[in-house]
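Colleague: Supplied structure: coords31.pdb, PDB, C-alpha atoms.
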ATOM      1  CA  MET A  56     -30.645  46.025  74.030
ATOM      2  CA  THR A  57     -32.035  48.790  76.234
ATOM      3  CA  GLU A  58     -34.386  48.136  79.091
ATOM      4  CA  ARG A  59     -36.149  49.979  81.873
ATOM      5  CA  LYS A  60     -35.231  49.094  85.426
ATOM      6  CA  ILE A  61     -37.184  50.011  88.518
ATOM      7  CA  VAL A  62     -35.177  51.521  91.387
ATOM      8  CA  ASP A  63     -37.336  51.304  94.489
ATOM      9  CA  GLY A  64     -36.408  54.143  96.850
ATOM     10  CA  LYS A  65     -39.783  54.303  98.553
ATOM     11  CA  GLY A  66     -39.687  55.048 102.278
ATOM     12  CA  SER A  67     -36.171  56.518 102.162
ATOM     13  CA  PHE A  68     -35.230  60.173 102.529
ATOM     14  CA  CYS A  69     -32.818  62.433 100.670
ATOM     15  CA  PRO A  70     -30.274  61.466  99.471
ATOM     16  CA  GLY A  71     -31.231  57.769  99.775
ATOM     17  CA  PRO A  72     -33.195  57.488  96.492
ATOM     18  CA  LEU A  73     -30.441  59.356  94.616
ATOM     19  CA  MET A  74     -27.782  56.997  95.994
ATOM     20  CA  GLU A  75     -29.873  54.002  94.947
ATOM     21  CA  LEU A  76     -30.191  55.477  91.452
ATOM     22  CA  ILE A  77     -26.417  55.932  91.239
ATOM     23  CA  VAL A  78     -25.767  52.321  92.251
ATOM     24  CA  ALA A  79     -28.279  51.169  89.618
ATOM     25  CA  LEU A  80     -26.679  53.407  86.956
ATOM     26  CA  LYS A  81     -23.315  51.775  87.597
ATOM     27  CA  HIS A  82     -24.856  48.396  86.784
ATOM     28  CA  SER A  83     -26.665  49.602  83.651
ATOM     29  CA  GLN A  84     -25.772  49.963  79.989
ATOM     30  CA  ILE A  85     -25.733  53.219  78.022
ATOM     31  CA  GLY A  86     -29.238  53.849  76.731
ATOM     32  CA  ASP A  87     -30.967  52.010  79.567
ATOM     33  CA  GLU A  88     -33.803  53.804  81.320
ATOM     34  CA  LEU A  89     -34.143  53.750  85.086
ATOM     35  CA  GLU A  90     -37.352  54.589  86.877
ATOM     36  CA  VAL A  91     -36.808  55.733  90.464
ATOM     37  CA  LEU A  92     -39.745  55.339  92.834
ATOM     38  CA  SER A  93     -39.670  57.797  95.718
ATOM     39  CA  THR A  94     -42.082  58.800  98.451
ATOM     40  CA  ASP A  95     -39.810  61.742  99.314
ATOM     41  CA  LYS A  96     -40.785  64.873  97.354
ATOM     42  CA  GLY A  97     -37.385  66.467  97.980
ATOM     43  CA  SER A  98     -35.725  63.620  96.116
ATOM     44  CA  ALA A  99     -38.233  63.918  93.270
ATOM     45  CA  ASP A 100     -37.203  67.562  92.876
ATOM     46  CA  ASP A 101     -33.477  67.032  93.368
ATOM     47  CA  ILE A 102     -32.817  63.942  91.234
ATOM     48  CA  PRO A 103     -33.574  65.771  87.907
ATOM     49  CA  GLU A 104     -31.162  68.510  89.000
ATOM     50  CA  TRP A 105     -28.444  65.905  89.662
ATOM     51  CA  VAL A 106     -29.140  64.258  86.296
ATOM     52  CA  ARG A 107     -28.675  67.590  84.514
ATOM     53  CA  ARG A 108     -25.495  68.389  86.461
ATOM     54  CA  VAL A 109     -23.760  65.154  85.550
ATOM     55  CA  GLY A 110     -25.111  64.907  82.009
ATOM     56  CA  HIS A 111     -27.486  61.945  81.837
ATOM     57  CA  ASP A 112     -30.894  62.396  80.163
ATOM     58  CA  TYR A 113     -33.816  63.350  82.361
ATOM     59  CA  VAL A 114     -36.935  61.826  80.816
ATOM     60  CA  SER A 115     -39.931  62.534  83.041
ATOM     61  CA  THR A 116     -41.455  62.766  86.506
ATOM     62  CA  THR A 117     -44.960  61.628  87.362
ATOM     63  CA  GLU A 118     -46.711  61.321  90.713
ATOM     64  CA  ASN A 119     -49.245  58.682  91.608
ATOM     65  CA  ASP A 120     -50.733  58.149  95.087
ATOM     66  CA  GLY A 121     -47.826  59.822  96.872
ATOM     67  CA  VAL A 122     -45.148  57.979  94.877
ATOM     68  CA  TRP A 123     -42.987  59.922  92.449
ATOM     69  CA  HIS A 124     -41.666  58.116  89.353
ATOM     70  CA  ILE A 125     -38.538  59.792  88.002
ATOM     71  CA  VAL A 126     -37.265  58.378  84.703
ATOM     72  CA  VAL A 127     -33.612  58.809  83.725
ATOM     73  CA  ARG A 128     -31.690  57.566  80.657
ATOM     74  CA  LYS A 129     -28.032  56.641  81.046
ATOM     75  CA  THR A 130     -25.897  58.449  78.474
ATOM     76  CA  LYS A 131     -22.346  57.578  79.488
TER      77      LYS A 131
ATOM     78  CA  MET B 420     -19.614  73.553  86.290
ATOM     79  CA  VAL B 421     -19.489  70.350  88.278
ATOM     80  CA  GLY B 422     -15.796  70.093  89.050
ATOM     81  CA  GLN B 423     -15.126  72.309  92.063
ATOM     82  CA  LYS B 424     -13.440  70.750  95.036
ATOM     83  CA  ILE B 425     -15.126  70.915  98.416
ATOM     84  CA  CYS B 426     -13.607  70.431 101.842
ATOM     85  CA  VAL B 427     -16.000  69.428 104.595
ATOM     86  CA  VAL B 428     -14.724  70.008 108.118
ATOM     87  CA  VAL B 429     -16.733  68.121 110.738
ATOM     88  CA  ILE B 430     -16.032  68.990 114.350
ATOM     89  CA  SER B 431     -19.460  68.416 115.896
ATOM     90  CA  GLY B 432     -20.536  64.992 117.095
ATOM     91  CA  THR B 433     -24.277  65.667 116.973
ATOM     92  CA  LEU B 434     -26.554  63.709 114.685
ATOM     93  CA  GLU B 435     -27.941  66.700 112.805
ATOM     94  CA  ARG B 436     -24.508  68.059 111.884
ATOM     95  CA  LEU B 437     -23.009  64.679 111.018
ATOM     96  CA  GLN B 438     -26.062  63.973 108.856
ATOM     97  CA  ALA B 439     -25.879  67.311 107.013
ATOM     98  CA  ALA B 440     -22.134  66.882 106.429
ATOM     99  CA  ALA B 441     -22.603  63.335 105.127
ATOM    100  CA  MET B 442     -25.419  64.396 102.787
ATOM    101  CA  LEU B 443     -23.345  67.219 101.344
ATOM    102  CA  ALA B 444     -20.227  65.059 100.953
ATOM    103  CA  SER B 445     -22.063  62.167  99.317
ATOM    104  CA  VAL B 446     -24.079  64.203  96.827
ATOM    105  CA  ALA B 447     -21.068  66.324  95.860
ATOM    106  CA  ALA B 448     -18.936  63.186  95.435
ATOM    107  CA  VAL B 449     -21.451  61.463  93.169
ATOM    108  CA  SER B 450     -21.756  64.662  91.158
ATOM    109  CA  GLY B 451     -18.111  64.376  90.168
ATOM    110  CA  GLN B 452     -16.732  66.913  92.656
ATOM    111  CA  GLU B 453     -13.505  66.258  94.480
ATOM    112  CA  VAL B 454     -14.458  65.871  98.156
ATOM    113  CA  ARG B 455     -12.198  65.961 101.216
ATOM    114  CA  VAL B 456     -13.676  65.419 104.658
ATOM    115  CA  PHE B 457     -11.771  66.216 107.843
ATOM    116  CA  LEU B 458     -13.029  64.594 111.025
ATOM    117  CA  SER B 459     -11.970  66.190 114.283
ATOM    118  CA  MET B 460     -13.101  66.919 117.845
ATOM    119  CA  ASN B 461     -16.391  65.220 118.786
ATOM    120  CA  ALA B 462     -16.963  63.921 115.248
ATOM    121  CA  LEU B 463     -13.998  61.534 115.294
ATOM    122  CA  PRO B 464     -15.054  59.106 118.069
ATOM    123  CA  HIS B 465     -17.967  57.981 115.860
ATOM    124  CA  PHE B 466     -15.384  56.566 113.432
ATOM    125  CA  ILE B 467     -13.644  54.313 115.940
ATOM    126  CA  LYS B 468     -14.241  50.692 114.911
ATOM    127  CA  GLY B 469     -17.030  49.094 116.901
ATOM    128  CA  SER B 470     -18.237  52.419 118.278
ATOM    129  CA  THR B 471     -21.858  52.042 119.272
ATOM    130  CA  ALA B 472     -22.337  55.415 120.940
ATOM    131  CA  GLU B 473     -25.351  57.098 119.410
ATOM    132  CA  ALA B 474     -24.803  60.628 118.141
ATOM    133  CA  PRO B 475     -26.674  62.975 120.485
ATOM    134  CA  HIS B 476     -29.542  64.956 119.000
ATOM    135  CA  GLU B 477     -29.552  68.757 119.024
ATOM    136  CA  GLY B 478     -33.293  69.088 118.661
ATOM    137  CA  PRO B 479     -36.522  67.620 117.303
ATOM    138  CA  MET B 480     -35.103  66.960 113.813
ATOM    139  CA  GLY B 481     -32.655  64.482 115.288
ATOM    140  CA  ASP B 482     -35.474  62.559 116.992
ATOM    141  CA  LEU B 483     -37.537  62.595 113.802
ATOM    142  CA  MET B 484     -34.650  61.404 111.631
ATOM    143  CA  LYS B 485     -34.041  58.537 114.001
ATOM    144  CA  ALA B 486     -37.709  57.521 113.874
ATOM    145  CA  ARG B 487     -37.912  57.689 110.056
ATOM    146  CA  LYS B 488     -35.860  55.917 107.421
ATOM    147  CA  VAL B 489     -33.140  58.520 106.930
ATOM    148  CA  PRO B 490     -29.899  57.031 105.549
ATOM    149  CA  GLU B 491     -27.284  56.669 108.290
ATOM    150  CA  PHE B 492     -24.481  59.223 108.146
ATOM    151  CA  LYS B 493     -21.741  56.603 108.168
ATOM    152  CA  THR B 494     -23.398  54.811 105.260
ATOM    153  CA  LEU B 495     -23.527  58.096 103.339
ATOM    154  CA  PHE B 496     -19.847  58.786 103.983
ATOM    155  CA  GLU B 497     -18.988  55.283 102.766
ATOM    156  CA  GLN B 498     -21.079  55.838  99.638
ATOM    157  CA  ALA B 499     -19.252  59.127  99.067
ATOM    158  CA  ILE B 500     -16.044  57.082  98.941
ATOM    159  CA  GLU B 501     -17.372  54.121  96.949
ATOM    160  CA  LEU B 502     -19.625  55.884  94.451
ATOM    161  CA  GLY B 503     -17.677  59.116  94.184
ATOM    162  CA  SER B 504     -14.060  59.630  95.070
ATOM    163  CA  ALA B 505     -14.345  61.299  98.462
ATOM    164  CA  ARG B 506     -11.535  60.936 100.976
ATOM    165  CA  LEU B 507     -12.041  61.082 104.730
ATOM    166  CA  TYR B 508      -9.166  62.171 106.936
ATOM    167  CA  PRO B 509      -8.979  61.766 110.705
ATOM    168  CA  CYS B 510      -7.467  64.692 112.597
ATOM    169  CA  SER B 511      -4.147  63.657 114.109
ATOM    170  CA  MET B 512      -4.640  65.852 117.180
ATOM    171  CA  ALA B 513      -8.031  64.272 117.948
ATOM    172  CA  MET B 514      -6.453  60.828 117.538
ATOM    173  CA  ASP B 515      -3.690  61.722 119.995
ATOM    174  CA  VAL B 516      -6.142  63.057 122.552
ATOM    175  CA  LEU B 517      -8.362  59.984 122.223
ATOM    176  CA  GLY B 518      -5.325  57.723 122.282
ATOM    177  CA  VAL B 519      -6.339  55.839 119.139
ATOM    178  CA  GLY B 520      -4.160  54.699 116.242
ATOM    179  CA  SER B 521      -5.109  54.339 112.565
ATOM    180  CA  GLU B 522      -5.825  50.633 113.006
ATOM    181  CA  GLN B 523      -8.553  51.427 115.546
ATOM    182  CA  LEU B 524     -10.377  53.721 113.130
ATOM    183  CA  GLU B 525     -12.717  52.575 110.356
ATOM    184  CA  ASP B 526     -10.761  51.103 107.444
ATOM    185  CA  TYR B 527     -12.180  53.592 104.951
ATOM    186  CA  LEU B 528     -10.455  56.549 106.639
ATOM    187  CA  GLU B 529      -7.185  57.819 105.166
ATOM    188  CA  GLU B 530      -4.023  58.456 107.171
ATOM    189  CA  ALA B 531      -3.908  60.850 110.131
ATOM    190  CA  THR B 532      -3.842  64.438 108.943
ATOM    191  CA  GLY B 533      -2.662  67.596 110.648
ATOM    192  CA  LEU B 534      -3.485  71.249 110.161
ATOM    193  CA  SER B 535      -0.753  71.990 107.636
ATOM    194  CA  ARG B 536      -2.124  69.301 105.341
ATOM    195  CA  LEU B 537      -5.648  70.607 105.900
ATOM    196  CA  LEU B 538      -4.588  74.143 105.000
ATOM    197  CA  THR B 539      -2.952  72.885 101.810
ATOM    198  CA  GLU B 540      -6.048  70.915 100.811
ATOM    199  CA  VAL B 541      -8.455  73.806 101.331
ATOM    200  CA  GLN B 542      -6.431  76.284  99.287
ATOM    201  CA  ASP B 543      -8.201  75.410  96.048
ATOM    202  CA  GLY B 544     -11.591  74.392  97.360
ATOM    203  CA  GLN B 545     -14.742  75.575  99.068
ATOM    204  CA  VAL B 546     -14.797  74.965 102.800
ATOM    205  CA  TRP B 547     -17.910  73.821 104.618
ATOM    206  CA  THR B 548     -17.831  73.501 108.398
ATOM    207  CA  PHE B 549     -20.172  71.424 110.537
TER     208      PHE B 549
END
Before anything else, please render the file you have as structure tokens.
Modeller:
Amino acid sequence: MTERKIVDGKGSFCPGPLMELIVALKHSQIGDELEVLSTDKGSADDIPEWVRRVGHDYVSTTENDGVWHIVVRKTK
Amino acid sequence: MVGQKICVVVISGTLERLQAAAMLASVAAVSGQEVRVFLSMNALPHFIKGSTAEAPHEGPMGDLMKARKVPEFKTLFEQAIELGSARLYPCSMAMDVLGVGSEQLEDYLEEATGLSRLLTEVQDGQVWTF
């Protein structure tokens, strides 16, 4: 059963949101989607690059009121 | 290719340099890269257990980082070990000069390491110096 988890990295700076995503990925199942919330634009740009480097699926990025929502699917 | 080994040599004890080194080490480690960190000179005293000395700032970025919610460099180094497979080595010369033994350093540091070991480790990796 896949689910979407929220990873709240708001207020933290690079690489805080990425580290929080990685902790959440460790506690997730393959196929789960994780939505990282970040107020740091650098993290919003860098997390998709990390996802591509290590081979998970990058789903989308949206921005709403200064909060970036980066969605990632765990593949392994 | 994700796999290349990096060796991060930290000799400065200032906040900006410790922060940059910790960021690089942690992100490389969680990207699957082999990471070796060598702590020497003014960087090492920050890793003595119970050390409360604040890392001095080089300039305005250090003040700003302190005021905002930037992850602490020691937390990032610990995450590099826990979430990746980074290893942190204390310089044996710096330990001798400071008069500290392994048991006085943070538990997540590896054994004391000298220059010959460092030179062997860096042979097949990129070297970054802070």
Colleague: For Leu76 in chain A, please output as a list in words all residues within 9 Å (counting only C-alpha atoms; exclusion window: fewer than 4 positions along the same chain).
Modeller: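 The neighbour list is Val62, Asp63, Gly64, Gly71, Pro72, Leu80, Lys81, Leu89, Glu90, Val91 and Ile102 of chain A.
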Colleague: How many Å lie between CA of Pro490 in chain B and CA of Met512 in chain B, rounded to one decimal?
Modeller: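 These atoms are spaced 29.2 Å apart.
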Colleague: Against chain A, which residues of chain B fall within 9 Å? For each one I want the closest pair of atoms and the distance in Å (one decimal), counting only C-alpha atoms, rows by chain and increasing residue number, as JSON lines.
Modeller:
{"residue": "B:Met420", "atom": "CA", "partner": "A:Arg108", "partner_atom": "CA", "distance": 7.8}
{"residue": "B:Val421", "atom": "CA", "partner": "A:Arg108", "partner_atom": "CA", "distance": 6.6}
{"residue": "B:Met442", "atom": "CA", "partner": "A:Pro70", "partner_atom": "CA", "distance": 6.6}
{"residue": "B:Ser445", "atom": "CA", "partner": "A:Pro70", "partner_atom": "CA", "distance": 8.2}
{"residue": "B:Val446", "atom": "CA", "partner": "A:Pro70", "partner_atom": "CA", "distance": 7.3}
{"residue": "B:Val449", "atom": "CA", "partner": "A:Ile77", "partner_atom": "CA", "distance": 7.7}
{"residue": "B:Ser450", "atom": "CA", "partner": "A:Val109", "partner_atom": "CA", "distance": 6.0}
{"residue": "B:Gly451", "atom": "CA", "partner": "A:Val109", "partner_atom": "CA", "distance": 7.3}
{"residue": "B:Arg487", "atom": "CA", "partner": "A:Ser67", "partner_atom": "CA", "distance": 8.2}
{"residue": "B:Lys488", "atom": "CA", "partner": "A:Ser67", "partner_atom": "CA", "distance": 5.3}
{"residue": "B:Val489", "atom": "CA", "partner": "A:Phe68", "partner_atom": "CA", "distance": 5.1}
{"residue": "B:Pro490", "atom": "CA", "partner": "A:Gly71", "partner_atom": "CA", "distance": 6.0}
{"residue": "B:Leu495", "atom": "CA", "partner": "A:Pro70", "partner_atom": "CA", "distance": 8.5}
{"residue": "B:Gln498", "atom": "CA", "partner": "A:Met74", "partner_atom": "CA", "distance": 7.7}
{"residue": "B:Leu502", "atom": "CA", "partner": "A:Val78", "partner_atom": "CA", "distance": 7.4}
Colleague: For CA of Arg536 in chain B and CA of Thr494 in chain B, quote the distance in Å rounded to one decimal.
Modeller: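 Interatomic distance, CA of Arg536 in chain B to CA of Thr494 in chain B: 25.7 Å.
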Colleague: Find the distance between CA of Gly469 in chain B and CA of Met514 in chain B and write it in Å to one decimal.
Modeller: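 It comes out at 15.8 Å.
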Colleague: Which is closer to Asp515 in chain B than all the others in B:Gly481, B:Gly432, B:Gly422, B:Pro464, using only C-alpha atoms?
Modeller: B:Pro464
Colleague: Apply the PyMOL selection byres ((chain A and resi 99) around 10) to the displayed file and report the matching residues as a short mmCIF file (atom, residue, chain, number, x, y, z; two decimals) with C-alpha atoms, keeping the file's coordinate frame.
Modeller:
data_model
loop_
_atom_site.label_atom_id
_atom_site.label_comp_id
_atom_site.auth_asym_id
_atom_site.auth_seq_id
_atom_site.Cartn_x
_atom_site.Cartn_y
_atom_site.Cartn_z
CA CYS A 69 -32.82 62.43 100.67
CA PRO A 72 -33.20 57.49 96.49
CA LEU A 73 -30.44 59.36 94.62
CA VAL A 91 -36.81 55.73 90.46
CA LEU A 92 -39.74 55.34 92.83
CA SER A 93 -39.67 57.80 95.72
CA THR A 94 -42.08 58.80 98.45
CA ASP A 95 -39.81 61.74 99.31
CA LYS A 96 -40.78 64.87 97.35
CA GLY A 97 -37.38 66.47 97.98
CA SER A 98 -35.72 63.62 96.12
CA ASP A 100 -37.20 67.56 92.88
CA ASP A 101 -33.48 67.03 93.37
CA ILE A 102 -32.82 63.94 91.23
CA PRO A 103 -33.57 65.77 87.91
CA GLU A 104 -31.16 68.51 89.00
CA THR A 116 -41.46 62.77 86.51
CA THR A 117 -44.96 61.63 87.36
CA GLU A 118 -46.71 61.32 90.71
CA VAL A 122 -45.15 57.98 94.88
CA TRP A 123 -42.99 59.92 92.45
CA HIS A 124 -41.67 58.12 89.35
CA ILE A 125 -38.54 59.79 88.00
#
Colleague: Could you list, as a PyMOL selection string, every residue within 6 Å of Ala531 in chain B, counting all atoms listed in the file and ignoring same-chain residues fewer than 3 positions away?
Modeller: chain B and resi 509-511
Colleague: Could you write out as a tab-separated table (two decimals) with C-alpha atoms, in the frame of the given file the residues that the PyMOL selection byres ((chain B and resi 444) around 9) matches in the shown file?
Modeller:
chain	number	residue	atom	x	y	z
B	425	ILE	CA	-15.13	70.92	98.42
B	426	CYS	CA	-13.61	70.43	101.84
B	427	VAL	CA	-16.00	69.43	104.60
B	439	ALA	CA	-25.88	67.31	107.01
B	440	ALA	CA	-22.13	66.88	106.43
B	441	ALA	CA	-22.60	63.34	105.13
B	442	MET	CA	-25.42	64.40	102.79
B	443	LEU	CA	-23.34	67.22	101.34
B	445	SER	CA	-22.06	62.17	99.32
B	446	VAL	CA	-24.08	64.20	96.83
B	447	ALA	CA	-21.07	66.32	95.86
B	448	ALA	CA	-18.94	63.19	95.44
B	449	VAL	CA	-21.45	61.46	93.17
B	454	VAL	CA	-14.46	65.87	98.16
B	455	ARG	CA	-12.20	65.96	101.22
B	456	VAL	CA	-13.68	65.42	104.66
B	495	LEU	CA	-23.53	58.10	103.34
B	496	PHE	CA	-19.85	58.79	103.98
B	499	ALA	CA	-19.25	59.13	99.07
B	505	ALA	CA	-14.34	61.30	98.46
Colleague: Of the candidates B:Leu507, B:Pro479, B:Gln423, B:Val516, which one gets nearest to Asn461 in chain B if we count only C-alpha atoms?
Modeller: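 Closest to Asn461 in chain B of all the choices is B:Val516.
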Colleague: Counting all atoms listed in the file, I want the residues whose atoms come within 10 Å of (-9.2, 50.5, 116.0) in the file frame, returned as a list in words.
Modeller: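 Protein and nucleic acid residues near the point are Phe466, Ile467, Lys468, Gly469, Ser470, Val519, Gly520, Ser521, Glu522, Gln523, Leu524, Glu525 and Asp526 of chain B.
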Colleague: Output the selection as a PDB file, keeping the file's coordinate frame - C-alpha atoms for each residue.
Modeller:
ATOM      1  CA  PHE B 466     -15.384  56.566 113.432  1.00  0.00           C
ATOM      2  CA  ILE B 467     -13.644  54.313 115.940  1.00  0.00           C
ATOM      3  CA  LYS B 468     -14.241  50.692 114.911  1.00  0.00           C
ATOM      4  CA  GLY B 469     -17.030  49.094 116.901  1.00  0.00           C
ATOM      5  CA  SER B 470     -18.237  52.419 118.278  1.00  0.00           C
ATOM      6  CA  VAL B 519      -6.339  55.839 119.139  1.00  0.00           C
ATOM      7  CA  GLY B 520      -4.160  54.699 116.242  1.00  0.00           C
ATOM      8  CA  SER B 521      -5.109  54.339 112.565  1.00  0.00           C
ATOM      9  CA  GLU B 522      -5.825  50.633 113.006  1.00  0.00           C
ATOM     10  CA  GLN B 523      -8.553  51.427 115.546  1.00  0.00           C
ATOM     11  CA  LEU B 524     -10.377  53.721 113.130  1.00  0.00           C
ATOM     12  CA  GLU B 525     -12.717  52.575 110.356  1.00  0.00           C
ATOM     13  CA  ASP B 526     -10.761  51.103 107.444  1.00  0.00           C
TER      14      ASP B 526
END
Colleague: Nearest to Gly86 in chain A: which of A:Tyr113, A:Arg59, A:Asn119, A:Arg128 is it, counting only C-alpha atoms?
Modeller: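 Closest to Gly86 in chain A of all the choices is A:Arg128.
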Colleague: Identify the residues within 7 Å of coordinate (-15.0, 75.1, 111.8) (same frame as the file), considering only C-alpha atoms, and give the answer as a ChimeraX atom specification.
Modeller: /B:428,430,548-549
Colleague: Export C-alpha atoms of the chosen residues as a PDB file, keeping the file's coordinate frame?
Modeller:
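Saved result, again17.pdb, follows:
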ATOM      1  CA  VAL B 428     -14.724  70.008 108.118  1.00  0.00           C
ATOM      2  CA  ILE B 430     -16.032  68.990 114.350  1.00  0.00           C
ATOM      3  CA  THR B 548     -17.831  73.501 108.398  1.00  0.00           C
ATOM      4  CA  PHE B 549     -20.172  71.424 110.537  1.00  0.00           C
TER       5      PHE B 549
END
Colleague: When you look at Lys129 in chain A with a cut-off of 6 Å (counting all atoms listed in the file), what residues show up, excluding the ones that are within fewer than 4 positions of it in the same chain? I need them as a list in words.
Modeller: Ile85, Gly86, Asp87 and His111 of chain A
Colleague: Can you list, as a list in words, every protein, DNA or RNA residue that comes within 12 Å of Glu473 in chain B when you count only C-alpha atoms, leaving out same-chain residues fewer than 6 positions away?
Modeller: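 Near Glu473 in chain B, the qualifying residues are Gly432, Thr433, Leu434, Glu435, Leu437, Ala462, Pro464, His465, Phe466, Gly481, Asp482, Lys485, Glu491, Phe492 and Lys493 of chain B.
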Colleague: I need the residue nearest Ala474 in chain B from this list: B:Arg436, B:Val546, B:Val541, B:Glu530. Use all atoms listed in the file for the distance.
Modeller: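 Among the listed residues, B:Arg436 lies closest to Ala474 in chain B.
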Colleague: A:Thr130, A:Glu88, A:His82, A:Arg107: which is nearest Ile61 in chain A, counting all atoms listed in the file?
Modeller: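 Residue with the minimum atom-to-atom distance to Ile61 in chain A: A:Glu88.
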Colleague: Which is closer to Val429 in chain B than all the others in B:Ala472, B:Tyr508, B:Ile500, B:Leu534, using all atoms listed in the file?
Modeller: B:Tyr508
